[in-house]
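Coordinates from coords.cif are shown below (mmCIF, C-alpha atoms and all ligand atoms).
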```cif
data_target
#
loop_
_atom_site.label_atom_id
_atom_site.label_comp_id
_atom_site.auth_asym_id
_atom_site.auth_seq_id
_atom_site.Cartn_x
_atom_site.Cartn_y
_atom_site.Cartn_z
CA MET A 1 23.99 -20.71 8.04
CA MET A 2 25.32 -17.18 8.12
CA LEU A 3 28.71 -16.62 6.58
CA ARG A 4 30.59 -14.00 8.46
CA VAL A 5 32.42 -11.62 6.22
CA VAL A 6 35.53 -10.12 7.67
CA LEU A 7 36.34 -6.77 6.19
CA SER A 8 40.03 -6.07 6.05
CA ASP A 9 41.68 -4.10 3.29
CA SER A 10 39.74 -5.84 0.59
CA PHE A 11 36.47 -4.30 -0.42
CA PRO A 12 33.81 -5.77 -2.68
CA GLY A 13 34.61 -5.62 -6.33
CA GLU A 14 37.98 -7.02 -5.37
CA GLY A 15 37.03 -10.65 -5.46
CA ASN A 16 34.63 -10.89 -2.56
CA THR A 17 32.51 -13.94 -3.29
CA ALA A 18 30.69 -14.26 0.00
CA THR A 19 27.74 -12.11 -0.99
CA MET A 20 24.35 -13.45 -1.87
CA ALA A 21 23.52 -13.94 -5.49
CA LEU A 22 20.44 -12.35 -6.99
CA HIS A 23 18.95 -14.76 -9.45
CA ASN A 24 17.02 -12.68 -11.91
CA HIS A 25 16.16 -9.18 -12.96
CA GLY A 26 13.01 -9.20 -10.87
CA GLU A 27 14.89 -9.61 -7.63
CA VAL A 28 15.44 -6.51 -5.62
CA VAL A 29 17.31 -5.64 -2.46
CA LEU A 30 15.91 -2.65 -0.61
CA LEU A 31 18.03 -0.26 1.38
CA LEU A 32 15.93 1.51 3.98
CA GLY A 33 17.12 4.20 6.33
CA ALA A 34 16.04 7.58 7.65
CA PRO A 35 17.58 10.81 6.41
CA GLY A 36 20.95 10.98 8.14
CA ALA A 37 21.36 7.21 8.41
CA GLY A 38 24.28 7.38 5.99
CA LYS A 39 22.36 5.46 3.37
CA GLY A 40 23.67 7.46 0.43
CA THR A 41 27.26 6.62 1.31
CA GLN A 42 26.49 2.96 1.82
CA ALA A 43 24.24 2.35 -1.17
CA ARG A 44 26.95 2.52 -3.82
CA PHE A 45 29.17 0.28 -1.70
CA LEU A 46 26.40 -2.26 -1.27
CA ALA A 47 25.42 -2.22 -4.95
CA GLU A 48 29.00 -2.92 -5.90
CA ALA A 49 29.17 -5.75 -3.36
CA LEU A 50 26.06 -7.27 -4.88
CA GLY A 51 27.19 -6.65 -8.45
CA VAL A 52 23.96 -4.90 -9.31
CA PRO A 53 23.08 -1.30 -10.19
CA HIS A 54 22.24 1.21 -7.48
CA VAL A 55 18.79 2.51 -8.34
CA ALA A 56 17.78 5.63 -6.42
CA SER A 57 14.22 6.76 -6.93
CA GLY A 58 15.25 10.42 -7.09
CA ASP A 59 17.76 9.65 -9.85
CA LEU A 60 15.08 7.78 -11.80
CA LEU A 61 12.88 10.85 -11.86
CA ARG A 62 15.76 13.00 -13.08
CA VAL A 63 16.89 10.56 -15.76
CA ASN A 64 13.39 10.01 -17.11
CA HIS A 65 12.89 13.75 -17.21
CA GLN A 66 16.19 14.37 -19.00
CA ARG A 67 15.52 11.67 -21.57
CA GLY A 68 12.00 12.94 -22.12
CA THR A 69 10.49 9.49 -21.68
CA PRO A 70 6.69 9.18 -21.53
CA LEU A 71 7.01 8.41 -17.81
CA GLY A 72 9.27 11.40 -17.32
CA ARG A 73 6.81 13.68 -19.11
CA ALA A 74 3.90 12.31 -17.09
CA ALA A 75 5.83 12.87 -13.84
CA GLN A 76 6.68 16.41 -14.93
CA GLU A 77 3.00 17.24 -15.37
CA TYR A 78 2.36 16.37 -11.73
CA MET A 79 5.40 18.30 -10.54
CA ASP A 80 4.45 21.34 -12.63
CA ARG A 81 1.12 21.39 -10.82
CA GLY A 82 2.92 21.12 -7.50
CA ASP A 83 1.55 17.62 -6.95
CA LEU A 84 3.38 14.55 -5.77
CA VAL A 85 4.32 12.05 -8.46
CA PRO A 86 1.94 9.08 -7.99
CA ASP A 87 3.44 5.90 -6.56
CA ALA A 88 2.38 3.90 -9.62
CA LEU A 89 4.46 6.16 -11.88
CA VAL A 90 7.58 5.73 -9.77
CA VAL A 91 7.02 1.97 -9.69
CA ASP A 92 6.76 2.01 -13.50
CA MET A 93 10.11 3.79 -13.67
CA ILE A 94 11.65 1.19 -11.37
CA VAL A 95 10.31 -1.70 -13.43
CA ASP A 96 11.59 -0.05 -16.63
CA ARG A 97 14.98 0.35 -15.00
CA LEU A 98 15.03 -3.35 -14.11
CA ASP A 99 14.71 -4.14 -17.83
CA GLU A 100 18.03 -2.48 -18.62
CA PRO A 101 20.98 -4.78 -19.39
CA ASP A 102 22.97 -4.01 -16.25
CA ALA A 103 20.06 -5.17 -14.09
CA THR A 104 19.85 -8.73 -15.37
CA ARG A 105 20.75 -9.86 -11.86
CA GLY A 106 18.44 -7.46 -10.11
CA ALA A 107 19.08 -4.13 -8.45
CA LEU A 108 19.63 -2.35 -5.17
CA LEU A 109 16.72 -0.02 -4.62
CA ASP A 110 17.40 3.11 -2.58
CA GLY A 111 14.80 5.58 -1.37
CA PHE A 112 11.73 3.59 -2.32
CA PRO A 113 9.39 2.38 -0.90
CA ARG A 114 8.91 4.90 1.86
CA THR A 115 5.34 3.95 2.69
CA VAL A 116 3.33 0.76 2.94
CA PRO A 117 1.16 1.63 -0.09
CA GLN A 118 4.37 2.14 -2.12
CA ALA A 119 5.70 -1.18 -0.86
CA LYS A 120 2.52 -2.96 -1.90
CA ALA A 121 2.52 -1.31 -5.33
CA LEU A 122 6.13 -2.33 -5.89
CA GLU A 123 5.62 -5.92 -4.73
CA LYS A 124 2.60 -6.30 -6.99
CA ARG A 125 4.44 -5.10 -10.09
CA LEU A 126 7.47 -7.25 -9.34
CA MET A 127 5.23 -10.29 -9.02
CA GLN A 128 3.49 -9.45 -12.30
CA ARG A 129 6.88 -9.55 -14.01
CA GLY A 130 7.04 -13.22 -13.22
CA GLY A 131 8.74 -14.24 -10.04
CA GLY A 132 10.05 -10.85 -9.12
CA ARG A 133 10.25 -10.11 -5.42
CA ILE A 134 11.90 -8.30 -2.61
CA ARG A 135 14.81 -10.62 -1.91
CA ARG A 136 15.93 -8.70 1.13
CA ALA A 137 15.27 -5.42 2.89
CA ILE A 138 18.11 -3.87 4.82
CA TYR A 139 17.27 -1.27 7.43
CA VAL A 140 20.10 0.98 8.54
CA ASP A 141 18.99 1.70 12.09
CA VAL A 142 20.12 4.90 13.83
CA PRO A 143 18.63 6.45 17.01
CA THR A 144 16.48 9.51 16.33
CA ASP A 145 18.61 11.94 18.35
CA VAL A 146 21.73 10.81 16.49
CA LEU A 147 19.99 11.33 13.13
CA VAL A 148 19.08 14.88 14.07
CA GLU A 149 22.60 15.61 15.31
CA ARG A 150 24.14 14.32 12.09
CA LEU A 151 21.82 16.17 9.74
CA ALA A 152 21.85 19.48 11.56
CA GLY A 153 25.62 19.82 11.04
CA ARG A 154 25.70 18.76 7.43
CA TRP A 155 27.42 20.63 4.62
CA LEU A 156 27.32 19.81 0.92
CA CYS A 157 29.67 20.48 -1.97
CA ARG A 158 28.07 22.63 -4.66
CA THR A 159 30.14 20.95 -7.33
CA CYS A 160 30.29 17.22 -6.56
CA GLN A 161 27.61 16.86 -3.85
CA ALA A 162 30.12 15.36 -1.40
CA THR A 163 28.82 15.65 2.15
CA TYR A 164 30.69 16.85 5.22
CA HIS A 165 29.81 17.29 8.86
CA GLU A 166 31.11 20.04 11.07
CA THR A 167 31.69 17.57 13.92
CA PHE A 168 32.02 14.07 12.49
CA ASN A 169 33.58 14.64 9.09
CA PRO A 170 34.91 18.18 8.69
CA PRO A 171 36.68 19.18 5.48
CA GLU A 172 40.39 19.84 5.70
CA VAL A 173 39.83 23.48 4.84
CA ALA A 174 36.64 24.92 6.32
CA GLY A 175 34.14 25.77 3.62
CA PHE A 176 35.80 23.88 0.78
CA CYS A 177 35.49 20.35 -0.61
CA ASP A 178 38.46 18.02 -0.08
CA ARG A 179 37.75 16.21 -3.33
CA CYS A 180 37.18 19.00 -5.81
CA ASP A 181 37.82 22.24 -3.90
CA GLY A 182 34.19 23.20 -4.52
CA GLU A 183 32.36 25.56 -2.22
CA LEU A 184 30.48 23.96 0.69
CA TYR A 185 27.02 25.15 1.66
CA GLN A 186 24.32 24.27 4.16
CA ARG A 187 20.82 23.71 2.92
CA SER A 188 18.13 25.76 4.61
CA ASP A 189 16.27 22.58 5.45
CA ASP A 190 19.26 21.34 7.43
CA GLN A 191 18.07 23.59 10.28
CA ARG A 192 17.58 21.62 13.48
CA GLU A 193 13.77 21.91 13.79
CA VAL A 194 13.26 21.19 10.11
CA VAL A 195 15.54 18.19 10.38
CA ALA A 196 13.76 16.83 13.47
CA ASN A 197 10.45 17.05 11.65
CA ARG A 198 11.82 15.38 8.53
CA VAL A 199 13.14 12.46 10.59
CA ALA A 200 9.84 12.13 12.47
CA VAL A 201 7.88 12.03 9.21
CA TYR A 202 10.23 9.42 7.77
CA LEU A 203 9.96 7.17 10.82
CA ARG A 204 6.17 7.52 10.94
CA ASP A 205 5.82 6.51 7.28
CA THR A 206 8.64 4.00 6.90
CA LEU A 207 8.86 2.04 10.16
CA PRO A 208 5.64 0.22 9.11
CA VAL A 209 7.49 -0.77 5.92
CA VAL A 210 10.38 -2.09 8.01
CA GLU A 211 7.92 -4.08 10.13
CA ARG A 212 6.26 -5.41 7.00
CA TYR A 213 9.51 -6.93 5.78
CA ALA A 214 10.39 -8.18 9.25
CA ARG A 215 7.12 -10.13 9.27
CA ALA A 216 7.90 -11.42 5.77
CA GLY A 217 11.22 -12.74 7.07
CA VAL A 218 13.38 -10.77 4.63
CA LEU A 219 14.53 -7.95 6.90
CA GLN A 220 18.10 -7.43 8.06
CA ARG A 221 18.70 -4.69 10.59
CA VAL A 222 22.07 -3.02 10.44
CA ASP A 223 23.28 -0.86 13.31
CA GLY A 224 23.99 2.44 11.59
CA ASN A 225 25.26 4.09 14.78
CA GLN A 226 28.89 3.02 14.36
CA SER A 227 31.84 3.91 12.18
CA ILE A 228 31.50 3.82 8.40
CA THR A 229 33.84 0.82 8.23
CA GLU A 230 31.81 -1.04 10.85
CA VAL A 231 28.58 -0.27 9.02
CA LYS A 232 30.13 -1.59 5.81
CA THR A 233 31.09 -4.81 7.55
CA ALA A 234 27.56 -5.13 8.93
CA LEU A 235 26.12 -4.54 5.46
CA LEU A 236 28.30 -7.24 3.98
CA ASN A 237 27.14 -9.62 6.70
CA ALA A 238 23.55 -8.67 5.94
CA ILE A 239 23.94 -9.76 2.32
CA ALA A 240 26.12 -12.78 3.03
CA GLU A 241 24.66 -15.96 1.62
CA ASP A 242 22.59 -17.22 4.52
CA GLU A 243 20.86 -20.26 3.18
CA ALA A 244 20.35 -22.21 0.02
CA VAL A 245 17.04 -21.29 -1.53
CA PRO A 246 15.08 -24.46 -2.27
CA ALA A 247 14.68 -24.82 -6.02
ZN ZN A 301 33.33 18.57 -4.19
#
```
Turn this file's structure into structure tokens for me.
Amino acid sequence: MMLRVVLSDSFPGEGNTATMALHNHGEVVLLLGAPGAGKGTQARFLAEALGVPHVASGDLLRVNHQRGTPLGRAAQEYMDRGDLVPDALVVDMIVDRLDEPDATRGALLDGFPRTVPQAKALEKRLMQRGGGRIRRAIYVDVPTDVLVERLAGRWLCRTCQATYHETFNPPEVAGFCDRCDGELYQRSDDQREVVANRVAVYLRDTLPVVERYARAGVLQRVDGNQSITEVKTALLNAIAEDEAVPA
């Protein structure tokens, strides 16, 4: 049975109990979505709704590097050579992160896996931990032309990384951040052709991952082509307790 969650003024963290419970630190919810799908905005919201940490693969690399961990140093060697960090190394960082105290009830994983080999590597390591698994994969689905339109007009705050859009979400004062008054800038790779290529590469690599979890029966598709509030409601429905798991 699917519990419908009605989103009014109350947001998760304010006593919403209708979300699924993750049972152990090996259980992971994946958030999948192309660049421009609004995933960054939604991930923190979803993590809070689940009561688990938001683990972004990019952040893991930064944190491991800053702390000078063995994994961080190993990753740095690859990056210094201009090579990609191997999947196994990123998976190791994820598994390490799952051992931290705030992840006793699992984690929301954002930005990984992006490819089927990464998905397989992650699943294998989770299983080796003893019962770890992908509890659910949520795909924020947005039409390709909409993704390109969103990304091509994007501006970022230099100070707090807040994102704006010249059409959909303009700042109150052009060129400056509403939150911190920081200067807004547009990344060179937010050019239209570059964006279109980035989206195409993502879909080529990651749609097979989405299909993989659809076949496994753990996929929830969320229509990402609606208002932020509507997407939030859809996300809450996607993690609503749907069935009792047989013990
Ligand atoms: Zn700012």
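Shortest atom-to-atom contact with ligand ZN 301 (chain A) among A:Thr163, A:Gln66, A:Thr104, A:Ser57: A:Thr163, counting all atoms listed in the file.
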Please extract the residues at most 10 Å from ligand ZN 301 (chain A), counting all atoms listed in the file, and provide them as a list in words, using the chain letters and residue numbers of this document. Leu156, Cys157, Arg158, Thr159, Cys160, Gln161, Ala162, Thr163, Tyr164, Phe176, Cys177, Asp178, Arg179, Cys180, Asp181, Gly182, Glu183 and Leu184 of chain A
Mind dumping a table of every region 210-236 of chain A residue within 7 Å of region 137-150 of chain A, with the nearest atom pair and its distance in Å to one decimal, using only C-alpha atoms, sorted by chain and rising number, as JSON lines?
```
{"residue": "A:Val210", "atom": "CA", "partner": "A:Tyr139", "partner_atom": "CA", "distance": 7.0}
{"residue": "A:Tyr213", "atom": "CA", "partner": "A:Ala137", "partner_atom": "CA", "distance": 6.6}
{"residue": "A:Val218", "atom": "CA", "partner": "A:Ala137", "partner_atom": "CA", "distance": 5.9}
{"residue": "A:Leu219", "atom": "CA", "partner": "A:Ala137", "partner_atom": "CA", "distance": 4.8}
{"residue": "A:Gln220", "atom": "CA", "partner": "A:Ile138", "partner_atom": "CA", "distance": 4.8}
{"residue": "A:Arg221", "atom": "CA", "partner": "A:Tyr139", "partner_atom": "CA", "distance": 4.9}
{"residue": "A:Val222", "atom": "CA", "partner": "A:Val140", "partner_atom": "CA", "distance": 4.8}
{"residue": "A:Asp223", "atom": "CA", "partner": "A:Asp141", "partner_atom": "CA", "distance": 5.1}
{"residue": "A:Gly224", "atom": "CA", "partner": "A:Asp141", "partner_atom": "CA", "distance": 5.1}
{"residue": "A:Asn225", "atom": "CA", "partner": "A:Val142", "partner_atom": "CA", "distance": 5.3}
```
Would you save the residues of that selection, restricted to C-alpha atoms, as a PDB file, in the frame of the given file?
```
ATOM      1  CA  VAL A 210      10.380  -2.090   8.010  1.00  0.00           C
ATOM      2  CA  TYR A 213       9.510  -6.930   5.780  1.00  0.00           C
ATOM      3  CA  VAL A 218      13.380 -10.770   4.630  1.00  0.00           C
ATOM      4  CA  LEU A 219      14.530  -7.950   6.900  1.00  0.00           C
ATOM      5  CA  GLN A 220      18.100  -7.430   8.060  1.00  0.00           C
ATOM      6  CA  ARG A 221      18.700  -4.690  10.590  1.00  0.00           C
ATOM      7  CA  VAL A 222      22.070  -3.020  10.440  1.00  0.00           C
ATOM      8  CA  ASP A 223      23.280  -0.860  13.310  1.00  0.00           C
ATOM      9  CA  GLY A 224      23.990   2.440  11.590  1.00  0.00           C
ATOM     10  CA  ASN A 225      25.260   4.090  14.780  1.00  0.00           C
TER      11      ASN A 225
END
```
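Atom pair CA of Ala121 (chain A) / CA of Ala49 (chain A) has a distance of 27.1 Å (rounded to one decimal).
In this comparison, which uses all atoms listed in the file, the residue of A:Gly217, A:Gly111, A:Pro171, A:Gly26 approaching Asp59 (chain A) most closely is A:Gly111.
Atom pair CA of Thr206 (chain A) / CA of Ala34 (chain A) has a distance of 8.3 Å (rounded to one decimal).
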Selection near Ala119 (chain A), 12 Å with only C-alpha atoms, sequence-local residues under 6 positions removed, as a VMD selection string: chain A and resid 30 32 87 to 88 90 to 91 109 111 to 113 125 to 126 133 to 134 137 205 to 213
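Picture a line from CA of Glu27 (chain A) to CA of Ala107 (chain A); it runs 6.9 Å.
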Counting all atoms listed in the file, note down every residue that has an atom within 10 Å of the point (17.5, -3.7, -7.1) (file coordinates), as a ChimeraX atom specification. /A:22,25-31,47,50,52-56,94-95,97-98,103-110,133-136
Mind writing the picked residues with C-alpha atoms as a short mmCIF file (atom, residue, chain, number, x, y, z; two decimals), in the frame of the given file?
```cif
data_model
loop_
_atom_site.label_atom_id
_atom_site.label_comp_id
_atom_site.auth_asym_id
_atom_site.auth_seq_id
_atom_site.Cartn_x
_atom_site.Cartn_y
_atom_site.Cartn_z
CA LEU A 22 20.44 -12.35 -6.99
CA HIS A 25 16.16 -9.18 -12.96
CA GLY A 26 13.01 -9.20 -10.87
CA GLU A 27 14.89 -9.61 -7.63
CA VAL A 28 15.44 -6.51 -5.62
CA VAL A 29 17.31 -5.64 -2.46
CA LEU A 30 15.91 -2.65 -0.61
CA LEU A 31 18.03 -0.26 1.38
CA ALA A 47 25.42 -2.22 -4.95
CA LEU A 50 26.06 -7.27 -4.88
CA VAL A 52 23.96 -4.90 -9.31
CA PRO A 53 23.08 -1.30 -10.19
CA HIS A 54 22.24 1.21 -7.48
CA VAL A 55 18.79 2.51 -8.34
CA ALA A 56 17.78 5.63 -6.42
CA ILE A 94 11.65 1.19 -11.37
CA VAL A 95 10.31 -1.70 -13.43
CA ARG A 97 14.98 0.35 -15.00
CA LEU A 98 15.03 -3.35 -14.11
CA ALA A 103 20.06 -5.17 -14.09
CA THR A 104 19.85 -8.73 -15.37
CA ARG A 105 20.75 -9.86 -11.86
CA GLY A 106 18.44 -7.46 -10.11
CA ALA A 107 19.08 -4.13 -8.45
CA LEU A 108 19.63 -2.35 -5.17
CA LEU A 109 16.72 -0.02 -4.62
CA ASP A 110 17.40 3.11 -2.58
CA ARG A 133 10.25 -10.11 -5.42
CA ILE A 134 11.90 -8.30 -2.61
CA ARG A 135 14.81 -10.62 -1.91
CA ARG A 136 15.93 -8.70 1.13
#
```
Considering all atoms listed in the file, give me a table of residues in region 8-122 of chain A that are at most 8 Å from region 228-237 of chain A, with the closest atom pair and distance in Å for each, as CSV.
```
residue,atom,partner,partner_atom,distance
A:Thr19,CA,A:Leu236,CA,7.0
A:Gln42,CA,A:Lys232,CA,7.1
A:Phe45,CA,A:Lys232,CA,7.8
A:Leu46,CA,A:Leu235,CA,7.1
A:Ala49,CA,A:Leu236,CA,7.5
```
